[in-house]
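Input: a single structure, listed below in structure tokens.
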Number of protein chains: 2
Amino acid sequence: MLKRIDHVAIVVKSIDETLKFWNESLGLSLSHVAHEEGQRVKVAFLPVGDSEVELLEPSDGKSGVARYLEKRGEGIHHLCFEVENLDAAVAQLKRQGVQLIDETPYVTVSGNKAVFIHPRSTHGVLVELYEKPVSQ
Amino acid sequence: MLKRIDHVAIVVKSIDETLKFWNESLGLSLSHVAHEEGQRVKVAFLPVGDSEVELLEPSDGKSGVARYLEKRGEGIHHLCFEVENLDAAVAQLKRQGVQLIDETPYVTVSGNKAVFIHPRSTHGVLVELYEKPVSQ
């Protein structure tokens with residue numbers, strides 16, 4: 001069902017500050033920065049191998065990511081895997097009683113369909129599953 | 001400098017309990033389980049794409065991982081990248097004032113040389129760098 005790790009998302013106070021480590025010290029290149037209006041976050045994408053590191057900076061104090069930052073501080077926020085068929089994956093998870101945060105897939109800023117699985121069902125890890133659009 | 005995400009390590013109370021999610025619900029196969037004597041943890045390896053999910057279960061109450069579990073609960077513990085040349089990477093990080101947990105690389109249960117970077121230098125993420133032995 002899972003093809004690969006698509007990305008590891010890290011919550012940061014400031015993308016500019018954090019890039020000093022990821023870009024200057026570790027040498028990862030910044031691909032681009034996008035604004036995810038729905039989630040109220042700015043996202044920096046840093047490809048590495050067949051995956052990406054994503055840095056999430058809250059756009060304002062009201063987003064879920066801002067509340068996470070306030071409560072837990074900077075650190076890894078979630079782990080995202082690519083799946084072949086998201087609808088089939090969601091149906092299988094529901095049959096097994098796995099709790100999803102989104103009852104139906106949402107569309108990300110990159111145009112991918114995705115769902116989050118509740119950490120209650122994963123032993124503490126926020127897991128995202130996404131399906132790449134056929135055109136990519 | 002970084003080639004790919006080698007693994008994402010997750011601290012769990014019980015590998016057997018957590019495998020119900022990763023194996024039965026998400027379909028990841030368990031490659032093997034190893035005992036890391038030095039770190040006093042049992043590690044379950046679940047390959048996915050070009051990377052792995054690793055589940056870390058403390059062998060006793062005295063390990064660093066056990067203390068982490070007690071303090072923060074189950075969840076993502078660290079993020080590991082493969083590098084081409086660990087000695088060169090360590091030298092570069094030291095020149096830049098990045099704080100390492102290990103002053104010199106240690107050898108993992110899989111026979112790899114590795115170092116951990118202190119979360120103080122990464123904005124909250126425990127990052128491991130490892131070099132694959134030439135024979136692999």
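We name chains A, B, ... following the order of the structure tokens; residues begin at 1 in each chain, and ligands are numbered from 1 as shown.
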Residues of range 11-102 of chain B in strand (DSSP E) according to DSSP, as a PDB file with N, CA, C and O atoms, in the first residue's frame?
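File produced: states.pdb:
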ATOM      1  N   VAL B  11       9.721   5.919  18.604  1.00  0.00           N
ATOM      2  CA  VAL B  11       9.777   5.270  19.919  1.00  0.00           C
ATOM      3  C   VAL B  11       8.403   4.691  20.242  1.00  0.00           C
ATOM      4  O   VAL B  11       7.394   5.398  20.134  1.00  0.00           O
ATOM      5  N   HIS B  32      13.277  -7.350   9.791  1.00  0.00           N
ATOM      6  CA  HIS B  32      13.873  -8.096  10.888  1.00  0.00           C
ATOM      7  C   HIS B  32      13.844  -7.251  12.153  1.00  0.00           C
ATOM      8  O   HIS B  32      13.532  -6.049  12.097  1.00  0.00           O
ATOM      9  N   VAL B  33      14.146  -7.898  13.270  1.00  0.00           N
ATOM     10  CA  VAL B  33      14.245  -7.202  14.560  1.00  0.00           C
ATOM     11  C   VAL B  33      15.663  -7.422  15.088  1.00  0.00           C
ATOM     12  O   VAL B  33      16.189  -8.531  15.005  1.00  0.00           O
ATOM     13  N   ALA B  34      16.299  -6.342  15.561  1.00  0.00           N
ATOM     14  CA  ALA B  34      17.670  -6.453  16.081  1.00  0.00           C
ATOM     15  C   ALA B  34      17.726  -5.866  17.484  1.00  0.00           C
ATOM     16  O   ALA B  34      16.918  -5.000  17.846  1.00  0.00           O
ATOM     17  N   HIS B  35      18.671  -6.360  18.270  1.00  0.00           N
ATOM     18  CA  HIS B  35      18.896  -5.789  19.602  1.00  0.00           C
ATOM     19  C   HIS B  35      20.126  -4.904  19.545  1.00  0.00           C
ATOM     20  O   HIS B  35      21.216  -5.382  19.197  1.00  0.00           O
ATOM     21  N   GLU B  36      19.945  -3.628  19.822  1.00  0.00           N
ATOM     22  CA  GLU B  36      21.058  -2.680  19.857  1.00  0.00           C
ATOM     23  C   GLU B  36      21.499  -2.621  21.319  1.00  0.00           C
ATOM     24  O   GLU B  36      20.890  -1.904  22.131  1.00  0.00           O
ATOM     25  N   VAL B  41      18.038  -0.929  23.189  1.00  0.00           N
ATOM     26  CA  VAL B  41      16.740  -0.918  22.509  1.00  0.00           C
ATOM     27  C   VAL B  41      16.628  -2.120  21.584  1.00  0.00           C
ATOM     28  O   VAL B  41      17.623  -2.636  21.086  1.00  0.00           O
ATOM     29  N   LYS B  42      15.365  -2.520  21.362  1.00  0.00           N
ATOM     30  CA  LYS B  42      15.034  -3.508  20.344  1.00  0.00           C
ATOM     31  C   LYS B  42      14.540  -2.693  19.159  1.00  0.00           C
ATOM     32  O   LYS B  42      13.751  -1.749  19.353  1.00  0.00           O
ATOM     33  N   VAL B  43      15.010  -3.019  17.957  1.00  0.00           N
ATOM     34  CA  VAL B  43      14.660  -2.222  16.771  1.00  0.00           C
ATOM     35  C   VAL B  43      13.993  -3.103  15.725  1.00  0.00           C
ATOM     36  O   VAL B  43      14.550  -4.135  15.331  1.00  0.00           O
ATOM     37  N   ALA B  44      12.797  -2.696  15.269  1.00  0.00           N
ATOM     38  CA  ALA B  44      12.106  -3.389  14.179  1.00  0.00           C
ATOM     39  C   ALA B  44      12.277  -2.567  12.910  1.00  0.00           C
ATOM     40  O   ALA B  44      12.031  -1.364  12.917  1.00  0.00           O
ATOM     41  N   PHE B  45      12.717  -3.229  11.827  1.00  0.00           N
ATOM     42  CA  PHE B  45      12.998  -2.541  10.563  1.00  0.00           C
ATOM     43  C   PHE B  45      11.889  -2.840   9.546  1.00  0.00           C
ATOM     44  O   PHE B  45      11.619  -4.000   9.240  1.00  0.00           O
ATOM     45  N   LEU B  46      11.269  -1.769   9.024  1.00  0.00           N
ATOM     46  CA  LEU B  46      10.192  -1.921   8.041  1.00  0.00           C
ATOM     47  C   LEU B  46      10.525  -1.101   6.801  1.00  0.00           C
ATOM     48  O   LEU B  46      10.298   0.114   6.774  1.00  0.00           O
ATOM     49  N   PRO B  47      11.075  -1.743   5.760  1.00  0.00           N
ATOM     50  CA  PRO B  47      11.460  -1.013   4.548  1.00  0.00           C
ATOM     51  C   PRO B  47      10.246  -0.404   3.846  1.00  0.00           C
ATOM     52  O   PRO B  47       9.157  -0.998   3.825  1.00  0.00           O
ATOM     53  N   VAL B  48      10.448   0.800   3.282  1.00  0.00           N
ATOM     54  CA  VAL B  48       9.411   1.452   2.464  1.00  0.00           C
ATOM     55  C   VAL B  48      10.139   2.320   1.440  1.00  0.00           C
ATOM     56  O   VAL B  48      10.864   3.238   1.802  1.00  0.00           O
ATOM     57  N   SER B  51      13.776   3.818   1.810  1.00  0.00           N
ATOM     58  CA  SER B  51      14.011   4.176   3.217  1.00  0.00           C
ATOM     59  C   SER B  51      13.444   3.079   4.120  1.00  0.00           C
ATOM     60  O   SER B  51      13.013   2.033   3.646  1.00  0.00           O
ATOM     61  N   GLU B  52      13.446   3.348   5.412  1.00  0.00           N
ATOM     62  CA  GLU B  52      12.855   2.416   6.373  1.00  0.00           C
ATOM     63  C   GLU B  52      12.133   3.190   7.472  1.00  0.00           C
ATOM     64  O   GLU B  52      12.536   4.305   7.815  1.00  0.00           O
ATOM     65  N   VAL B  53      11.102   2.576   8.010  1.00  0.00           N
ATOM     66  CA  VAL B  53      10.542   2.995   9.293  1.00  0.00           C
ATOM     67  C   VAL B  53      11.175   2.077  10.333  1.00  0.00           C
ATOM     68  O   VAL B  53      11.229   0.862  10.128  1.00  0.00           O
ATOM     69  N   GLU B  54      11.697   2.651  11.399  1.00  0.00           N
ATOM     70  CA  GLU B  54      12.273   1.834  12.473  1.00  0.00           C
ATOM     71  C   GLU B  54      11.478   2.071  13.751  1.00  0.00           C
ATOM     72  O   GLU B  54      11.243   3.216  14.148  1.00  0.00           O
ATOM     73  N   LEU B  55      11.055   0.978  14.384  1.00  0.00           N
ATOM     74  CA  LEU B  55      10.354   1.071  15.670  1.00  0.00           C
ATOM     75  C   LEU B  55      11.332   0.730  16.781  1.00  0.00           C
ATOM     76  O   LEU B  55      11.970  -0.328  16.745  1.00  0.00           O
ATOM     77  N   LEU B  56      11.487   1.654  17.727  1.00  0.00           N
ATOM     78  CA  LEU B  56      12.436   1.474  18.835  1.00  0.00           C
ATOM     79  C   LEU B  56      11.682   1.178  20.118  1.00  0.00           C
ATOM     80  O   LEU B  56      10.867   1.990  20.558  1.00  0.00           O
ATOM     81  N   GLU B  57      11.959   0.028  20.711  1.00  0.00           N
ATOM     82  CA  GLU B  57      11.341  -0.328  22.002  1.00  0.00           C
ATOM     83  C   GLU B  57      12.458  -0.474  23.032  1.00  0.00           C
ATOM     84  O   GLU B  57      13.395  -1.250  22.816  1.00  0.00           O
ATOM     85  N   PRO B  58      12.392   0.270  24.137  1.00  0.00           N
ATOM     86  CA  PRO B  58      13.455   0.171  25.139  1.00  0.00           C
ATOM     87  C   PRO B  58      13.565  -1.255  25.686  1.00  0.00           C
ATOM     88  O   PRO B  58      12.551  -1.911  25.932  1.00  0.00           O
ATOM     89  N   GLY B  75       6.182   8.328  19.776  1.00  0.00           N
ATOM     90  CA  GLY B  75       6.200   9.267  18.649  1.00  0.00           C
ATOM     91  C   GLY B  75       7.537   9.218  17.931  1.00  0.00           C
ATOM     92  O   GLY B  75       8.406   8.398  18.251  1.00  0.00           O
ATOM     93  N   ILE B  76       7.702  10.128  16.963  1.00  0.00           N
ATOM     94  CA  ILE B  76       8.928  10.130  16.162  1.00  0.00           C
ATOM     95  C   ILE B  76      10.104  10.569  17.030  1.00  0.00           C
ATOM     96  O   ILE B  76      10.025  11.579  17.731  1.00  0.00           O
ATOM     97  N   HIS B  77      11.176   9.807  16.992  1.00  0.00           N
ATOM     98  CA  HIS B  77      12.357  10.048  17.827  1.00  0.00           C
ATOM     99  C   HIS B  77      13.461  10.758  17.051  1.00  0.00           C
ATOM    100  O   HIS B  77      14.008  11.749  17.508  1.00  0.00           O
ATOM    101  N   HIS B  78      13.800  10.252  15.878  1.00  0.00           N
ATOM    102  CA  HIS B  78      14.824  10.923  15.072  1.00  0.00           C
ATOM    103  C   HIS B  78      14.682  10.613  13.600  1.00  0.00           C
ATOM    104  O   HIS B  78      13.923   9.730  13.201  1.00  0.00           O
ATOM    105  N   LEU B  79      15.456  11.379  12.818  1.00  0.00           N
ATOM    106  CA  LEU B  79      15.406  11.317  11.353  1.00  0.00           C
ATOM    107  C   LEU B  79      16.837  11.080  10.906  1.00  0.00           C
ATOM    108  O   LEU B  79      17.744  11.837  11.277  1.00  0.00           O
ATOM    109  N   CYS B  80      17.048  10.006  10.118  1.00  0.00           N
ATOM    110  CA  CYS B  80      18.420   9.641   9.721  1.00  0.00           C
ATOM    111  C   CYS B  80      18.626   9.748   8.218  1.00  0.00           C
ATOM    112  O   CYS B  80      17.813   9.245   7.434  1.00  0.00           O
ATOM    113  N   PHE B  81      19.717  10.412   7.840  1.00  0.00           N
ATOM    114  CA  PHE B  81      20.082  10.561   6.431  1.00  0.00           C
ATOM    115  C   PHE B  81      21.365   9.789   6.152  1.00  0.00           C
ATOM    116  O   PHE B  81      22.283   9.768   6.982  1.00  0.00           O
ATOM    117  N   GLU B  82      21.444   9.211   4.959  1.00  0.00           N
ATOM    118  CA  GLU B  82      22.709   8.628   4.516  1.00  0.00           C
ATOM    119  C   GLU B  82      23.587   9.719   3.919  1.00  0.00           C
ATOM    120  O   GLU B  82      23.103  10.575   3.170  1.00  0.00           O
ATOM    121  N   VAL B  83      24.866   9.713   4.283  1.00  0.00           N
ATOM    122  CA  VAL B  83      25.844  10.629   3.667  1.00  0.00           C
ATOM    123  C   VAL B  83      26.929   9.797   2.980  1.00  0.00           C
ATOM    124  O   VAL B  83      27.156   8.636   3.323  1.00  0.00           O
TER     125      VAL B  83
END
If we count only C-alpha atoms, what is near Val107 in chain A at a cut-off of 12 Å, once residues fewer than 5 positions away on the same chain are taken out, given as a PDB file with N, CA and C atoms, in the first residue's frame?
ATOM      1  N   GLU A  36       0.243  27.533   1.853  1.00  0.00           N
ATOM      2  CA  GLU A  36      -0.912  26.631   1.949  1.00  0.00           C
ATOM      3  C   GLU A  36      -1.996  27.424   2.674  1.00  0.00           C
ATOM      4  N   GLU A  37      -2.884  28.027   1.885  1.00  0.00           N
ATOM      5  CA  GLU A  37      -3.874  28.946   2.468  1.00  0.00           C
ATOM      6  C   GLU A  37      -4.797  28.246   3.464  1.00  0.00           C
ATOM      7  N   GLY A  38      -5.233  27.021   3.090  1.00  0.00           N
ATOM      8  CA  GLY A  38      -6.176  26.311   3.948  1.00  0.00           C
ATOM      9  C   GLY A  38      -5.609  26.030   5.326  1.00  0.00           C
ATOM     10  N   GLN A  39      -4.367  25.584   5.364  1.00  0.00           N
ATOM     11  CA  GLN A  39      -3.726  25.234   6.643  1.00  0.00           C
ATOM     12  C   GLN A  39      -3.059  26.446   7.296  1.00  0.00           C
ATOM     13  N   LEU A  86      -5.446   6.211  -3.080  1.00  0.00           N
ATOM     14  CA  LEU A  86      -5.823   6.746  -1.764  1.00  0.00           C
ATOM     15  C   LEU A  86      -7.221   6.281  -1.341  1.00  0.00           C
ATOM     16  N   ASP A 102      -9.319  13.417   8.533  1.00  0.00           N
ATOM     17  CA  ASP A 102     -10.197  13.855   7.435  1.00  0.00           C
ATOM     18  C   ASP A 102     -11.041  12.651   7.008  1.00  0.00           C
ATOM     19  N   ASN A 112      -2.268  17.429  -4.767  1.00  0.00           N
ATOM     20  CA  ASN A 112      -2.390  16.014  -4.421  1.00  0.00           C
ATOM     21  C   ASN A 112      -3.584  15.788  -3.498  1.00  0.00           C
ATOM     22  N   LYS A 113      -4.195  14.622  -3.616  1.00  0.00           N
ATOM     23  CA  LYS A 113      -5.219  14.213  -2.648  1.00  0.00           C
ATOM     24  C   LYS A 113      -4.509  13.606  -1.441  1.00  0.00           C
ATOM     25  N   ALA A 114      -4.969  13.953  -0.251  1.00  0.00           N
ATOM     26  CA  ALA A 114      -4.292  13.453   0.953  1.00  0.00           C
ATOM     27  C   ALA A 114      -5.256  13.299   2.112  1.00  0.00           C
ATOM     28  N   VAL A 115      -4.909  12.434   3.048  1.00  0.00           N
ATOM     29  CA  VAL A 115      -5.622  12.329   4.328  1.00  0.00           C
ATOM     30  C   VAL A 115      -4.606  12.210   5.457  1.00  0.00           C
ATOM     31  N   PHE A 116      -5.036  12.639   6.648  1.00  0.00           N
ATOM     32  CA  PHE A 116      -4.216  12.428   7.846  1.00  0.00           C
ATOM     33  C   PHE A 116      -4.864  11.338   8.697  1.00  0.00           C
ATOM     34  N   LEU A 129      -1.188  10.316   4.261  1.00  0.00           N
ATOM     35  CA  LEU A 129      -1.097   9.488   3.058  1.00  0.00           C
ATOM     36  C   LEU A 129      -1.507  10.348   1.879  1.00  0.00           C
ATOM     37  N   TYR A 130      -0.766  10.267   0.775  1.00  0.00           N
ATOM     38  CA  TYR A 130      -1.160  11.063  -0.372  1.00  0.00           C
ATOM     39  C   TYR A 130      -0.996  10.280  -1.660  1.00  0.00           C
ATOM     40  N   GLU A 131      -1.811  10.650  -2.635  1.00  0.00           N
ATOM     41  CA  GLU A 131      -1.768  10.020  -3.959  1.00  0.00           C
ATOM     42  C   GLU A 131      -1.338  11.066  -4.959  1.00  0.00           C
ATOM     43  N   LYS A 132      -0.311  10.745  -5.736  1.00  0.00           N
ATOM     44  CA  LYS A 132       0.195  11.682  -6.733  1.00  0.00           C
ATOM     45  C   LYS A 132      -0.791  11.755  -7.905  1.00  0.00           C
ATOM     46  N   PRO A 133      -1.092  12.952  -8.408  1.00  0.00           N
ATOM     47  CA  PRO A 133      -1.977  13.034  -9.569  1.00  0.00           C
ATOM     48  C   PRO A 133      -1.399  12.261 -10.752  1.00  0.00           C
TER      49      PRO A 133
END
Next on the checklist: Just checking: using only C-alpha atoms, which residue out of B:Ser121, B:Ile101, B:Asn85, B:Val127 ends up closest to chain A?
Outcome noted: B:Ser121
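Using only C-alpha atoms, we find that the part of chain A lying within 6 Å of chain B comprises A:Met1, A:Lys3, A:Arg4, A:Gly27, A:Val48, A:Gly49, A:Glu74, A:Gly75, A:Gly124, A:Val125.
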Any chance you can output those residues with N, CA and C atoms as a PDB file, in the first residue's frame?
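Generated file (result.pdb):
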ATOM      1  N   MET A   1       0.832  -1.216   0.000  1.00  0.00           N
ATOM      2  CA  MET A   1       0.000   0.000   0.000  1.00  0.00           C
ATOM      3  C   MET A   1       0.868   1.268   0.000  1.00  0.00           C
ATOM      4  N   LYS A   3       4.178   3.371  -0.993  1.00  0.00           N
ATOM      5  CA  LYS A   3       5.235   3.275  -2.010  1.00  0.00           C
ATOM      6  C   LYS A   3       6.582   3.782  -1.494  1.00  0.00           C
ATOM      7  N   ARG A   4       6.550   4.886  -0.761  1.00  0.00           N
ATOM      8  CA  ARG A   4       7.802   5.507  -0.305  1.00  0.00           C
ATOM      9  C   ARG A   4       7.460   6.604   0.700  1.00  0.00           C
ATOM     10  N   GLY A  27      23.508  21.199   3.449  1.00  0.00           N
ATOM     11  CA  GLY A  27      23.645  21.250   1.993  1.00  0.00           C
ATOM     12  C   GLY A  27      22.405  20.899   1.191  1.00  0.00           C
ATOM     13  N   VAL A  48      15.414  15.491  -1.026  1.00  0.00           N
ATOM     14  CA  VAL A  48      16.570  14.674  -0.632  1.00  0.00           C
ATOM     15  C   VAL A  48      16.268  13.237  -1.062  1.00  0.00           C
ATOM     16  N   GLY A  49      17.095  12.702  -1.964  1.00  0.00           N
ATOM     17  CA  GLY A  49      16.840  11.366  -2.506  1.00  0.00           C
ATOM     18  C   GLY A  49      15.479  11.345  -3.179  1.00  0.00           C
ATOM     19  N   GLU A  74       9.382  23.618  18.350  1.00  0.00           N
ATOM     20  CA  GLU A  74       9.821  23.203  17.020  1.00  0.00           C
ATOM     21  C   GLU A  74      10.152  21.709  17.017  1.00  0.00           C
ATOM     22  N   GLY A  75       9.918  21.053  15.873  1.00  0.00           N
ATOM     23  CA  GLY A  75      10.241  19.626  15.772  1.00  0.00           C
ATOM     24  C   GLY A  75       9.442  18.976  14.660  1.00  0.00           C
ATOM     25  N   GLY A 124       1.019   7.489  18.333  1.00  0.00           N
ATOM     26  CA  GLY A 124       1.690   8.765  18.569  1.00  0.00           C
ATOM     27  C   GLY A 124       2.290   9.492  17.379  1.00  0.00           C
ATOM     28  N   VAL A 125       2.131   8.948  16.171  1.00  0.00           N
ATOM     29  CA  VAL A 125       2.717   9.609  14.998  1.00  0.00           C
ATOM     30  C   VAL A 125       1.591  10.147  14.113  1.00  0.00           C
TER      31      VAL A 125
END
